[in-house]
$ cat run.cif   # mmCIF, C-alpha atoms
data_coords
#
loop_
_atom_site.group_PDB
_atom_site.id
_atom_site.type_symbol
_atom_site.label_atom_id
_atom_site.label_comp_id
_atom_site.auth_asym_id
_atom_site.auth_seq_id
_atom_site.Cartn_x
_atom_site.Cartn_y
_atom_site.Cartn_z
ATOM 1 C CA MET A 1487 17.607 70.595 117.599
ATOM 2 C CA PRO A 1488 18.435 71.068 113.918
ATOM 3 C CA ASN A 1489 17.136 74.210 112.222
ATOM 4 C CA LEU A 1490 14.170 72.921 110.216
ATOM 5 C CA THR A 1491 14.030 75.960 107.937
ATOM 6 C CA ARG A 1492 17.686 75.713 107.052
ATOM 7 C CA VAL A 1493 18.684 76.672 103.523
ATOM 8 C CA VAL A 1494 21.450 74.457 102.214
ATOM 9 C CA LEU A 1495 23.755 75.980 99.617
ATOM 10 C CA ILE A 1496 25.776 73.832 97.266
ATOM 11 C CA SER A 1497 28.937 75.565 98.245
ATOM 12 C CA LEU A 1498 31.827 74.819 100.524
ATOM 13 C CA LEU A 1499 31.366 78.237 102.081
ATOM 14 C CA ALA A 1500 27.751 77.551 102.915
ATOM 15 C CA ALA A 1501 28.616 74.148 104.347
ATOM 16 C CA MET A 1502 31.052 75.848 106.658
ATOM 17 C CA ILE A 1503 28.397 78.335 107.761
ATOM 18 C CA PHE A 1504 25.442 76.025 108.267
ATOM 19 C CA GLY A 1505 27.198 72.742 108.973
ATOM 20 C CA PRO A 1506 26.893 70.845 112.275
ATOM 21 C CA LEU A 1507 28.650 72.244 115.277
ATOM 22 C CA THR A 1508 31.890 70.289 115.331
ATOM 23 C CA ALA A 1509 35.357 71.368 116.191
ATOM 24 C CA ALA A 1510 38.319 71.471 113.859
ATOM 25 C CA PRO A 1511 41.125 69.002 114.517
ATOM 26 C CA VAL A 1512 43.963 70.102 116.728
ATOM 27 C CA THR A 1513 46.367 69.475 113.874
ATOM 28 C CA THR A 1514 45.971 69.004 110.143
ATOM 29 C CA ARG A 1515 45.637 65.457 108.831
ATOM 30 C CA GLU A 1516 49.103 65.582 107.301
ATOM 31 C CA GLU A 1517 50.621 66.818 110.549
ATOM 32 C CA ALA A 1518 48.808 64.119 112.515
ATOM 33 C CA GLN A 1519 50.061 61.397 110.171
ATOM 34 C CA ASN A 1520 53.637 62.606 110.504
ATOM 35 C CA SER A 1521 53.568 63.041 114.288
ATOM 36 C CA THR A 1522 54.554 60.336 116.747
ATOM 37 C CA PRO A 1523 52.121 58.961 119.345
ATOM 38 C CA ALA A 1524 54.046 60.825 122.042
ATOM 39 C CA GLN A 1525 53.538 64.084 120.147
ATOM 40 C CA GLN A 1526 49.841 63.319 119.709
ATOM 41 C CA TRP A 1527 49.429 62.673 123.450
ATOM 42 C CA ARG A 1528 51.055 66.040 124.126
ATOM 43 C CA GLU A 1529 48.596 67.639 121.687
ATOM 44 C CA LEU A 1530 45.783 65.973 123.610
ATOM 45 C CA VAL A 1531 46.845 67.679 126.832
ATOM 46 C CA LYS A 1532 46.529 71.042 125.053
ATOM 47 C CA ALA A 1533 43.075 70.311 123.596
ATOM 48 C CA PRO A 1534 40.967 73.425 124.271
ATOM 49 C CA ASP A 1535 37.588 71.675 124.480
ATOM 50 C CA PHE A 1536 35.743 68.369 124.355
ATOM 51 C CA PHE A 1537 35.513 68.133 120.569
ATOM 52 C CA HIS A 1538 39.215 68.769 120.058
ATOM 53 C CA GLU A 1539 39.933 66.163 122.721
ATOM 54 C CA MET A 1540 37.745 63.572 120.984
ATOM 55 C CA ALA A 1541 39.336 64.308 117.603
ATOM 56 C CA ALA A 1542 42.799 63.769 119.110
ATOM 57 C CA LEU A 1543 41.738 60.511 120.768
ATOM 58 C CA GLN A 1544 40.216 59.268 117.527
ATOM 59 C CA ARG A 1545 43.532 59.805 115.732
ATOM 60 C CA LEU A 1546 45.467 58.087 118.503
ATOM 61 C CA GLY A 1547 43.048 55.169 118.524
ATOM 62 C CA GLN A 1548 43.927 54.311 114.927
ATOM 63 C CA ASP A 1549 47.289 53.082 116.251
ATOM 64 C CA PRO A 1550 46.785 49.538 117.640
ATOM 65 C CA HIS A 1551 49.604 50.120 120.127
ATOM 66 C CA GLU A 1552 47.781 53.141 121.605
ATOM 67 C CA ARG A 1553 44.258 51.740 121.547
ATOM 68 C CA GLY A 1554 44.317 50.354 125.067
ATOM 69 C CA ALA A 1555 45.459 53.664 126.540
ATOM 70 C CA VAL A 1556 42.856 55.542 124.504
ATOM 71 C CA LEU A 1557 40.068 53.263 125.728
ATOM 72 C CA ALA A 1558 41.254 53.658 129.317
ATOM 73 C CA ARG A 1559 41.035 57.422 128.949
ATOM 74 C CA LEU A 1560 37.572 57.167 127.354
ATOM 75 C CA HIS A 1561 36.329 55.078 130.275
ATOM 76 C CA LYS A 1562 37.632 57.704 132.678
ATOM 77 C CA MET A 1563 35.861 60.410 130.660
ATOM 78 C CA TRP A 1564 32.666 58.330 130.783
ATOM 79 C CA ASP A 1565 32.824 58.338 134.574
ATOM 80 C CA THR A 1566 33.772 61.977 135.065
ATOM 81 C CA TYR A 1567 32.325 64.021 132.168
ATOM 82 C CA ASP A 1568 28.774 65.303 131.877
ATOM 83 C CA VAL A 1569 26.266 62.602 130.876
ATOM 84 C CA LEU A 1570 25.500 64.527 127.679
ATOM 85 C CA ARG A 1571 29.022 63.636 126.525
ATOM 86 C CA ARG A 1572 28.479 59.909 126.915
ATOM 87 C CA PRO A 1573 27.019 59.233 123.441
ATOM 88 C CA GLU A 1574 30.056 60.746 121.721
ATOM 89 C CA ILE A 1575 32.401 58.860 124.072
ATOM 90 C CA ALA A 1576 30.544 55.575 123.556
ATOM 91 C CA TYR A 1577 30.535 56.066 119.768
ATOM 92 C CA LEU A 1578 34.330 56.332 119.701
ATOM 93 C CA MET A 1579 34.632 53.383 122.085
ATOM 94 C CA CYS A 1580 32.596 51.310 119.626
ATOM 95 C CA GLN A 1581 34.901 52.286 116.780
ATOM 96 C CA LEU A 1582 37.805 50.964 118.865
ATOM 97 C CA GLY A 1583 36.081 47.658 119.620
ATOM 98 C CA ASP A 1584 34.449 48.386 122.993
ATOM 99 C CA ARG A 1585 30.633 48.351 122.974
ATOM 100 C CA SER A 1586 30.133 48.634 126.724
ATOM 101 C CA GLY A 1587 28.506 52.051 126.355
ATOM 102 C CA VAL A 1588 25.866 51.005 123.830
ATOM 103 C CA GLU A 1589 23.143 49.826 126.199
ATOM 104 C CA PRO A 1590 23.293 52.704 128.723
ATOM 105 C CA VAL A 1591 23.267 55.286 125.934
ATOM 106 C CA ALA A 1592 20.354 53.498 124.251
ATOM 107 C CA ARG A 1593 18.353 53.550 127.480
ATOM 108 C CA ALA A 1594 19.034 57.254 127.957
ATOM 109 C CA LEU A 1595 18.113 58.101 124.359
ATOM 110 C CA PHE A 1596 14.797 56.251 124.397
ATOM 111 C CA ALA A 1597 13.989 57.682 127.827
ATOM 112 C CA GLY A 1598 14.391 61.207 126.413
ATOM 113 C CA ASP A 1599 17.326 62.085 128.666
ATOM 114 C CA TYR A 1600 19.059 63.980 125.853
ATOM 115 C CA ASP A 1601 15.991 66.104 125.041
ATOM 116 C CA THR A 1602 17.286 69.081 126.976
ATOM 117 C CA GLY A 1603 18.370 72.634 126.385
ATOM 118 C CA ARG A 1604 20.959 72.456 129.129
ATOM 119 C CA GLU A 1605 24.115 74.260 128.060
ATOM 120 C CA LEU A 1606 27.656 72.913 127.836
ATOM 121 C CA GLU A 1607 30.703 74.531 126.331
ATOM 122 C CA PRO A 1608 31.512 74.892 123.504
ATOM 123 C CA ASP A 1609 28.178 73.813 121.950
ATOM 124 C CA GLY A 1610 25.867 75.796 124.243
ATOM 125 C CA VAL A 1611 22.197 74.833 124.086
ATOM 126 C CA ALA A 1612 22.967 72.380 121.254
ATOM 127 C CA ALA A 1613 24.619 69.948 123.703
ATOM 128 C CA GLY A 1614 21.488 67.807 123.983
ATOM 129 C CA ALA A 1615 20.957 67.755 120.215
ATOM 130 C CA ASN A 1616 24.597 66.789 119.689
ATOM 131 C CA ALA A 1617 24.208 63.988 122.229
ATOM 132 C CA THR A 1618 21.140 62.726 120.353
ATOM 133 C CA ASP A 1619 23.005 62.827 117.043
ATOM 134 C CA ALA A 1620 25.907 60.807 118.465
ATOM 135 C CA ALA A 1621 23.503 58.307 120.038
ATOM 136 C CA PHE A 1622 21.738 57.859 116.696
ATOM 137 C CA ARG A 1623 25.048 57.274 114.900
ATOM 138 C CA MET A 1624 26.136 54.736 117.487
ATOM 139 C CA LEU A 1625 22.876 52.755 117.436
ATOM 140 C CA ILE A 1626 22.666 52.814 113.626
ATOM 141 C CA LEU A 1627 26.135 51.315 113.253
ATOM 142 C CA TYR A 1628 26.669 49.345 116.466
ATOM 143 C CA GLY A 1629 23.228 48.775 117.967
ATOM 144 C CA THR A 1630 21.477 45.443 118.263
ATOM 145 C CA PRO A 1631 18.485 44.464 116.085
ATOM 146 C CA ARG A 1632 16.296 45.421 119.077
ATOM 147 C CA HIS A 1633 17.817 48.914 119.176
ATOM 148 C CA ARG A 1634 17.271 49.369 115.446
ATOM 149 C CA GLN A 1635 13.676 48.258 115.824
ATOM 150 C CA ARG A 1636 13.252 50.996 118.411
ATOM 151 C CA LEU A 1637 14.705 53.481 115.925
ATOM 152 C CA LEU A 1638 12.189 52.344 113.310
ATOM 153 C CA GLU A 1639 9.398 53.140 115.751
ATOM 154 C CA PHE A 1640 10.197 56.853 115.385
ATOM 155 C CA PHE A 1641 8.641 56.628 111.898
ATOM 156 C CA LYS A 1642 5.366 55.405 113.391
ATOM 157 C CA LEU A 1643 4.883 58.321 115.766
ATOM 158 C CA SER A 1644 1.669 60.247 115.176
ATOM 159 C CA ASP A 1645 3.115 63.175 117.111
ATOM 160 C CA ASP A 1646 6.808 63.995 116.816
ATOM 161 C CA PRO A 1647 7.312 67.496 118.283
ATOM 162 C CA LEU A 1648 11.082 67.040 118.624
ATOM 163 C CA ARG A 1649 11.381 65.952 114.985
ATOM 164 C CA LYS A 1650 13.224 62.724 115.758
ATOM 165 C CA ARG A 1651 12.237 61.237 112.386
ATOM 166 C CA ASP A 1652 13.708 64.241 110.634
ATOM 167 C CA GLU A 1653 16.905 64.033 112.643
ATOM 168 C CA LEU A 1654 17.295 60.295 112.115
ATOM 169 C CA CYS A 1655 16.968 60.623 108.329
ATOM 170 C CA GLU A 1656 19.546 63.405 108.349
ATOM 171 C CA ILE A 1657 21.984 61.307 110.399
ATOM 172 C CA LEU A 1658 21.613 58.386 107.971
ATOM 173 C CA LEU A 1659 22.529 60.629 105.047
ATOM 174 C CA GLY A 1660 25.495 62.074 106.943
ATOM 175 C CA LEU A 1661 26.861 58.583 107.600
ATOM 176 C CA SER A 1662 26.522 57.571 103.955
ATOM 177 C CA SER A 1663 28.879 60.179 102.519
ATOM 178 C CA THR A 1664 31.452 62.688 103.709
ATOM 179 C CA LYS A 1665 29.788 65.196 101.364
ATOM 180 C CA ASN A 1666 26.789 65.217 103.682
ATOM 181 C CA GLY A 1667 28.329 64.596 107.106
ATOM 182 C CA PRO A 1668 31.101 62.724 108.906
ATOM 183 C CA GLY A 1669 30.688 59.573 106.823
ATOM 184 C CA LEU A 1670 31.354 56.080 108.117
ATOM 185 C CA PRO A 1671 34.136 55.474 110.646
ATOM 186 C CA VAL A 1672 37.442 54.319 109.182
ATOM 187 C CA GLY A 1673 37.236 50.659 108.228
ATOM 188 C CA HIS A 1674 33.503 50.275 108.815
ATOM 189 C CA PRO A 1675 32.118 48.099 105.982
ATOM 190 C CA LYS A 1676 29.242 49.566 103.995
ATOM 191 C CA GLU A 1677 27.727 46.079 103.770
ATOM 192 C CA GLN A 1678 26.934 46.165 107.501
ATOM 193 C CA PHE A 1679 24.888 49.366 107.277
ATOM 194 C CA PRO A 1680 21.235 48.765 108.282
ATOM 195 C CA LEU A 1681 19.594 49.908 105.047
ATOM 196 C CA GLU A 1682 16.155 49.098 106.463
ATOM 197 C CA LEU A 1683 16.341 52.377 108.382
ATOM 198 C CA ALA A 1684 16.935 54.358 105.181
ATOM 199 C CA VAL A 1685 14.155 52.417 103.437
ATOM 200 C CA ALA A 1686 11.767 53.475 106.207
ATOM 201 C CA CYS A 1687 12.711 57.104 105.479
ATOM 202 C CA LEU A 1688 11.534 56.692 101.865
ATOM 203 C CA ASP A 1689 7.945 57.168 103.049
ATOM 204 C CA TYR A 1690 8.742 60.429 104.845
ATOM 205 C CA THR A 1691 7.640 62.950 102.190
ATOM 206 C CA GLU A 1692 7.349 66.105 104.261
ATOM 207 C CA GLU A 1693 9.293 69.052 102.821
ATOM 208 C CA VAL A 1694 12.065 70.029 105.215
ATOM 209 C CA GLY A 1695 14.236 72.528 103.384
ATOM 210 C CA THR A 1696 15.322 74.203 100.193
ATOM 211 C CA ILE A 1697 18.543 73.816 98.250
ATOM 212 C CA VAL A 1698 19.666 76.956 96.432
ATOM 213 C CA SER A 1699 22.167 76.628 93.613
ATOM 214 C CA ALA A 1700 23.829 79.658 91.999
ATOM 215 C CA PRO A 1701 25.672 78.389 88.928
ATOM 216 C CA GLY A 1702 27.561 81.295 87.413
ATOM 217 C CA GLY A 1703 26.533 83.506 90.313
ATOM 218 C CA SER A 1704 28.183 84.474 93.551
ATOM 219 C CA VAL A 1705 27.639 84.053 97.259
ATOM 220 C CA GLU A 1706 28.174 86.671 99.944
ATOM 221 C CA SER A 1707 28.076 85.709 103.599
ATOM 222 C CA GLU A 1708 28.057 87.325 106.989
ATOM 223 C CA HIS A 1709 28.672 85.186 110.023
ATOM 224 C CA ASP A 1710 29.296 85.573 113.711
ATOM 225 C CA SER A 1711 29.061 83.228 116.665
ATOM 226 C CA GLN A 1712 25.286 83.609 116.894
ATOM 227 C CA HIS A 1713 23.943 84.289 113.396
ATOM 228 C CA GLY A 1714 24.775 83.667 109.760
ATOM 229 C CA SER A 1715 23.295 85.004 106.545
ATOM 230 C CA VAL A 1716 23.897 84.305 102.879
ATOM 231 C CA THR A 1717 23.032 86.458 99.866
ATOM 232 C CA VAL A 1718 23.046 84.831 96.435
ATOM 233 C CA HIS A 1719 23.556 86.821 93.224
ATOM 234 C CA GLY A 1720 23.287 85.761 89.620
ATOM 235 C CA ALA A 1721 21.516 82.782 88.082
ATOM 236 C CA VAL A 1722 19.678 80.960 90.848
ATOM 237 C CA ALA A 1723 17.916 77.600 90.942
ATOM 238 C CA SER A 1724 16.086 76.325 93.994
ATOM 239 C CA TYR A 1725 14.260 73.118 94.790
ATOM 240 C CA THR A 1726 12.619 71.626 97.838
ATOM 241 C CA VAL A 1727 14.123 68.730 99.737
ATOM 242 C CA ARG A 1728 12.207 65.996 101.527
ATOM 243 C CA ARG A 1729 13.600 63.411 103.901
ATOM 244 C CA CYS A 1730 12.668 60.693 101.398
ATOM 245 C CA ASP A 1731 15.154 62.398 99.070
ATOM 246 C CA ASP A 1732 17.811 62.143 101.773
ATOM 247 C CA ALA A 1733 16.970 58.462 102.139
ATOM 248 C CA ALA A 1734 17.249 57.837 98.397
ATOM 249 C CA GLN A 1735 20.654 59.516 98.353
ATOM 250 C CA THR A 1736 21.699 57.468 101.390
ATOM 251 C CA ILE A 1737 20.821 54.213 99.639
ATOM 252 C CA GLN A 1738 22.518 55.224 96.396
ATOM 253 C CA ASN A 1739 25.664 56.235 98.304
ATOM 254 C CA LEU A 1740 25.886 52.992 100.281
ATOM 255 C CA THR A 1741 24.956 50.525 97.528
ATOM 256 C CA SER A 1742 26.847 52.319 94.731
ATOM 257 C CA ARG A 1743 23.733 51.763 92.610
ATOM 258 C CA ASP A 1744 22.344 54.562 90.472
ATOM 259 C CA PHE A 1745 18.567 54.482 90.714
ATOM 260 C CA GLY A 1746 18.348 57.809 88.892
ATOM 261 C CA HIS A 1747 17.644 59.934 91.957
ATOM 262 C CA ARG A 1748 18.927 63.515 91.692
ATOM 263 C CA VAL A 1749 17.937 66.138 94.248
ATOM 264 C CA SER A 1750 17.903 68.746 91.458
ATOM 265 C CA ASP A 1751 15.266 66.839 89.462
ATOM 266 C CA SER A 1752 11.556 67.504 89.669
ATOM 267 C CA ILE A 1753 9.612 65.847 92.454
ATOM 268 C CA SER A 1754 7.886 63.533 89.954
ATOM 269 C CA GLN A 1755 11.268 62.365 88.626
ATOM 270 C CA ARG A 1756 12.572 61.853 92.149
ATOM 271 C CA ASP A 1757 9.440 59.901 93.068
ATOM 272 C CA ARG A 1758 10.026 57.534 90.125
ATOM 273 C CA ALA A 1759 13.550 56.884 91.374
ATOM 274 C CA ILE A 1760 12.252 56.274 94.911
ATOM 275 C CA LYS A 1761 9.723 53.785 93.502
ATOM 276 C CA ALA A 1762 12.591 51.985 91.742
ATOM 277 C CA ILE A 1763 14.507 51.780 95.031
ATOM 278 C CA LYS A 1764 11.488 50.309 96.816
ATOM 279 C CA THR A 1765 11.057 47.729 94.039
ATOM 280 C CA TRP A 1766 14.740 46.769 94.248
ATOM 281 C CA TRP A 1767 14.524 46.461 98.031
ATOM 282 C CA ALA A 1768 11.411 44.270 97.916
ATOM 283 C CA GLU A 1769 12.847 42.011 95.213
ATOM 284 C CA SER A 1770 16.243 41.636 96.870
ATOM 285 C CA HIS A 1771 14.631 40.728 100.185
ATOM 286 C CA THR A 1772 12.296 38.229 98.537
ATOM 287 C CA ALA A 1773 15.312 36.574 96.904
ATOM 288 C CA ALA A 1774 17.204 36.558 100.202
ATOM 289 C CA GLN A 1775 14.235 34.949 101.968
ATOM 290 C CA ARG A 1776 14.098 32.223 99.319
ATOM 291 C CA ARG A 1777 17.787 31.477 99.879
ATOM 292 C CA VAL A 1778 17.351 31.232 103.649
ATOM 293 C CA THR A 1779 14.367 28.855 103.358
ATOM 294 C CA SER A 1780 15.987 26.685 100.666
ATOM 295 C CA PRO A 1781 16.546 23.018 101.679
ATOM 296 C CA ASP A 1782 20.143 23.299 100.442
ATOM 297 C CA TYR A 1783 20.719 26.312 102.698
ATOM 298 C CA ALA A 1784 19.184 24.530 105.681
ATOM 299 C CA VAL A 1785 21.638 21.639 105.262
ATOM 300 C CA THR A 1786 24.826 23.388 104.126
ATOM 301 C CA GLY A 1787 24.235 27.102 104.744
ATOM 302 C CA GLU A 1788 24.728 27.629 101.004
ATOM 303 C CA VAL A 1789 22.538 27.587 97.932
ATOM 304 C CA GLU A 1790 23.614 25.770 94.811
ATOM 305 C CA SER A 1791 24.037 28.092 91.831
#
$ encode --input "run.cif" --output "structure tokens"
Amino acid sequence: MPNLTRVVLISLLAAMIFGPLTAAPVTTREEAQNSTPAQQWRELVKAPDFFHEMAALQRLGQDPHERGAVLARLHKMWDTYDVLRRPEIAYLMCQLGDRSGVEPVARALFAGDYDTGRELEPDGVAAGANATDAAFRMLILYGTPRHRQRLLEFFKLSDDPLRKRDELCEILLGLSSTKNGPGLPVGHPKEQFPLELAVACLDYTEEVGTIVSAPGGSVESEHDSQHGSVTVHGAVASYTVRRCDDAAQTIQNLTSRDFGHRVSDSISQRDRAIKAIKTWWAESHTAAQRRVTSPDYAVTGEVES
């Protein structure tokens, strides 16, 4: 599960140290763009682990002529790889137009099948957490209204020892911007993002971390495969982060509206921005409901301006 006491530094170096456990691409983006499909398939054979393999397949799948072969390979991986790999496989299948993995992954997620410390290489004990993250991403973007309703139920839990609410809010932010995570898949329209999930996060006010900024200072780091540490020198500013702040940033990122929310502002200033977002959401949904119930809409599907 994610480290709930994580300190996030506004620094590329810190993002590299504390970022999610994902593998680097087999080739650089420029090399991948310049390589032929045959070369990319050869790279795939040499992929050292699951994450490299998935990155290679994702690049190949962007070519419509290769998509069928990529999906065939993904289906074979679904049948033969560990079940903890299925959410990541199904997520890529969805991006390529095949949603056959959505329902089985949803059932496994809500049954708690990914809540395990069982180890896989290269992610070790994080394999279950990574499976949960991929399942969340898939259901957020490709799930049915029923699946999204099940996701909303995480915010109603009186007891959440595995911090699913926390994880869901973090995944939403990571989908909204490549500054905070993987971002949306190529070509996925922002307009189809289920903002109601981010709106539900606006009520989640528990403090979950601290951002440390060192403008004019310096950062020293020590890192190995098991531990990382960061020492900050110079002028330092720090401020607490709540998941409602993540949600506000998610909504601003996806709507391209500036509600005045800045994570570096005081909590009272951030709360005013969150109130403005809630007001906008309520008003926009009231207006949408009026359009749907309009007699003109019932007859023509449109409302006269």
$ resolve_selection --input "run.cif" --expression "the PyMOL selection byres ((chain A and resi 1658) around 9)" --output "list in words"
Phe1622, Arg1623, Ile1626, Glu1653, Leu1654, Cys1655, Glu1656, Ile1657, Leu1659, Gly1660, Leu1661, Ser1662, Leu1683, Ala1684, Asp1732, Ala1733 and Thr1736 of chain A
$ axis_aligned_box --input "run.cif" --around "stretch 1655-1666 of chain A" --padding-each-side "3 Å" --output "AutoDock Vina command-line options"
--center_x 24.2 --center_y 61.4 --center_z 105.9 --size_x 20.5 --size_y 13.6 --size_z 15.0
$ resolve_selection --input "run.cif" --expression "the PyMOL selection byres ((chain A and resi 1601) around 12)" --output "ChimeraX atom specification"
/A:1487,1570,1594-1600,1602-1605,1611-1619,1621,1647-1650
$ closest_residue --input "run.cif" --among "A:Gln1544, A:Ser1724, A:Asn1739, A:Thr1630" --to "A:Gly1695" --atoms "only C-alpha atoms"
A:Ser1724
$ resolve_selection --input "run.cif" --expression "the PyMOL selection byres ((chain A and resi 1672-1674) around 12)" --output "ChimeraX atom specification"
/A:1544-1545,1547-1548,1578,1580-1583,1627-1628,1661-1662,1664,1668-1671,1675-1679,1740
$ atom_distance --input "run.cif" --atom1 "atom CA of A:Trp1766" --atom2 "atom CA of A:Leu1643"
26.3 Å
$ residues_around --input "run.cif" --residues "A:Val1749" --least-positions-apart "2" --cutoff "8 Å" --atoms "only C-alpha atoms" --output "VMD selection string"
chain A and resid 1725 1727 1731 1747 1751 to 1752 1756
$ closest_residue --input "run.cif" --among "A:Leu1543, A:Ala1768, A:Ala1762, A:Ala1576" --to "A:Ala1620" --atoms "only C-alpha atoms"
A:Ala1576
$ atom_distance --input "run.cif" --atom1 "atom CA of A:Thr1691" --atom2 "atom CA of A:Arg1636"
20.9 Å
$ atom_distance --input "run.cif" --atom1 "atom CA of A:Gln1738" --atom2 "atom CA of A:Asp1652"
19.0 Å
$ closest_residue --input "run.cif" --among "A:Glu1539, A:Trp1564, A:Arg1758, A:Lys1642" --to "A:Cys1687" --atoms "all atoms listed in the file"
A:Lys1642
$ residues_around --input "run.cif" --residues "A:Arg1632" --least-positions-apart "6" --cutoff "12 Å" --atoms "all atoms listed in the file" --output "JSON, numbers by chain"
{"A": [1589, 1592, 1593, 1625, 1626, 1638, 1639]}
$ write_last_selection --input "run.cif" --atoms "C-alpha atoms" --output "mmCIF file, in the coordinates of the input"
data_model
loop_
_atom_site.group_PDB
_atom_site.id
_atom_site.type_symbol
_atom_site.label_atom_id
_atom_site.label_comp_id
_atom_site.auth_asym_id
_atom_site.auth_seq_id
_atom_site.Cartn_x
_atom_site.Cartn_y
_atom_site.Cartn_z
ATOM 1 C CA GLU A 1589 23.143 49.826 126.199
ATOM 2 C CA ALA A 1592 20.354 53.498 124.251
ATOM 3 C CA ARG A 1593 18.353 53.550 127.480
ATOM 4 C CA LEU A 1625 22.876 52.755 117.436
ATOM 5 C CA ILE A 1626 22.666 52.814 113.626
ATOM 6 C CA LEU A 1638 12.189 52.344 113.310
ATOM 7 C CA GLU A 1639 9.398 53.140 115.751
#
$ closest_residue --input "run.cif" --among "A:Leu1688, A:Val1556, A:Met1579, A:Leu1606" --to "A:Phe1537" --atoms "all atoms listed in the file"
A:Leu1606
$ closest_residue --input "run.cif" --among "A:Asp1757, A:Thr1696, A:Phe1745, A:Ser1644" --to "A:Cys1730" --atoms "all atoms listed in the file"
A:Asp1757
$ closest_residue --input "run.cif" --among "A:Asn1666, A:Leu1530, A:Tyr1567, A:Gly1587" --to "A:Gly1629" --atoms "all atoms listed in the file"
A:Gly1587
$ decode --input "run.cif" --residues "stretch 1629-1641 of chain A" --atoms "N, CA, C and O atoms" --output "tab-separated table (two decimals), in the first residue's frame"
chain	number	residue	atom	x	y	z
A	1629	GLY	N	-15.01	1.74	-16.53
A	1629	GLY	CA	-16.03	1.00	-15.81
A	1629	GLY	C	-17.43	1.47	-16.15
A	1629	GLY	O	-17.65	2.53	-16.73
A	1630	THR	N	-18.40	0.68	-15.77
A	1630	THR	CA	-19.80	1.02	-15.96
A	1630	THR	C	-20.26	1.95	-14.84
A	1630	THR	O	-19.57	2.09	-13.81
A	1631	PRO	N	-21.42	2.60	-14.98
A	1631	PRO	CA	-21.96	3.39	-13.86
A	1631	PRO	C	-22.07	2.57	-12.57
A	1631	PRO	O	-21.84	3.10	-11.48
A	1632	ARG	N	-22.40	1.28	-12.69
A	1632	ARG	CA	-22.48	0.43	-11.49
A	1632	ARG	C	-21.11	0.29	-10.83
A	1632	ARG	O	-21.00	0.34	-9.60
A	1633	HIS	N	-20.07	0.11	-11.62
A	1633	HIS	CA	-18.72	0.01	-11.05
A	1633	HIS	C	-18.33	1.31	-10.35
A	1633	HIS	O	-17.74	1.28	-9.26
A	1634	ARG	N	-18.66	2.43	-10.96
A	1634	ARG	CA	-18.28	3.72	-10.35
A	1634	ARG	C	-19.08	3.97	-9.08
A	1634	ARG	O	-18.57	4.59	-8.14
A	1635	GLN	N	-20.30	3.47	-9.04
A	1635	GLN	CA	-21.07	3.57	-7.80
A	1635	GLN	C	-20.41	2.77	-6.69
A	1635	GLN	O	-20.35	3.21	-5.53
A	1636	ARG	N	-19.87	1.62	-7.05
A	1636	ARG	CA	-19.14	0.81	-6.06
A	1636	ARG	C	-17.89	1.55	-5.58
A	1636	ARG	O	-17.52	1.48	-4.39
A	1637	LEU	N	-17.23	2.26	-6.48
A	1637	LEU	CA	-16.06	3.05	-6.07
A	1637	LEU	C	-16.47	4.15	-5.10
A	1637	LEU	O	-15.77	4.42	-4.11
A	1638	LEU	N	-17.61	4.79	-5.36
A	1638	LEU	CA	-18.08	5.84	-4.47
A	1638	LEU	C	-18.35	5.32	-3.06
A	1638	LEU	O	-18.23	6.07	-2.08
A	1639	GLU	N	-18.69	4.05	-2.96
A	1639	GLU	CA	-18.99	3.47	-1.65
A	1639	GLU	C	-17.77	3.43	-0.74
A	1639	GLU	O	-17.91	3.33	0.48
A	1640	PHE	N	-16.56	3.48	-1.32
A	1640	PHE	CA	-15.36	3.53	-0.48
A	1640	PHE	C	-15.36	4.77	0.42
A	1640	PHE	O	-14.77	4.77	1.50
A	1641	PHE	N	-16.01	5.86	-0.04
A	1641	PHE	CA	-16.04	7.09	0.75
A	1641	PHE	C	-17.05	7.02	1.89
A	1641	PHE	O	-17.10	7.93	2.72
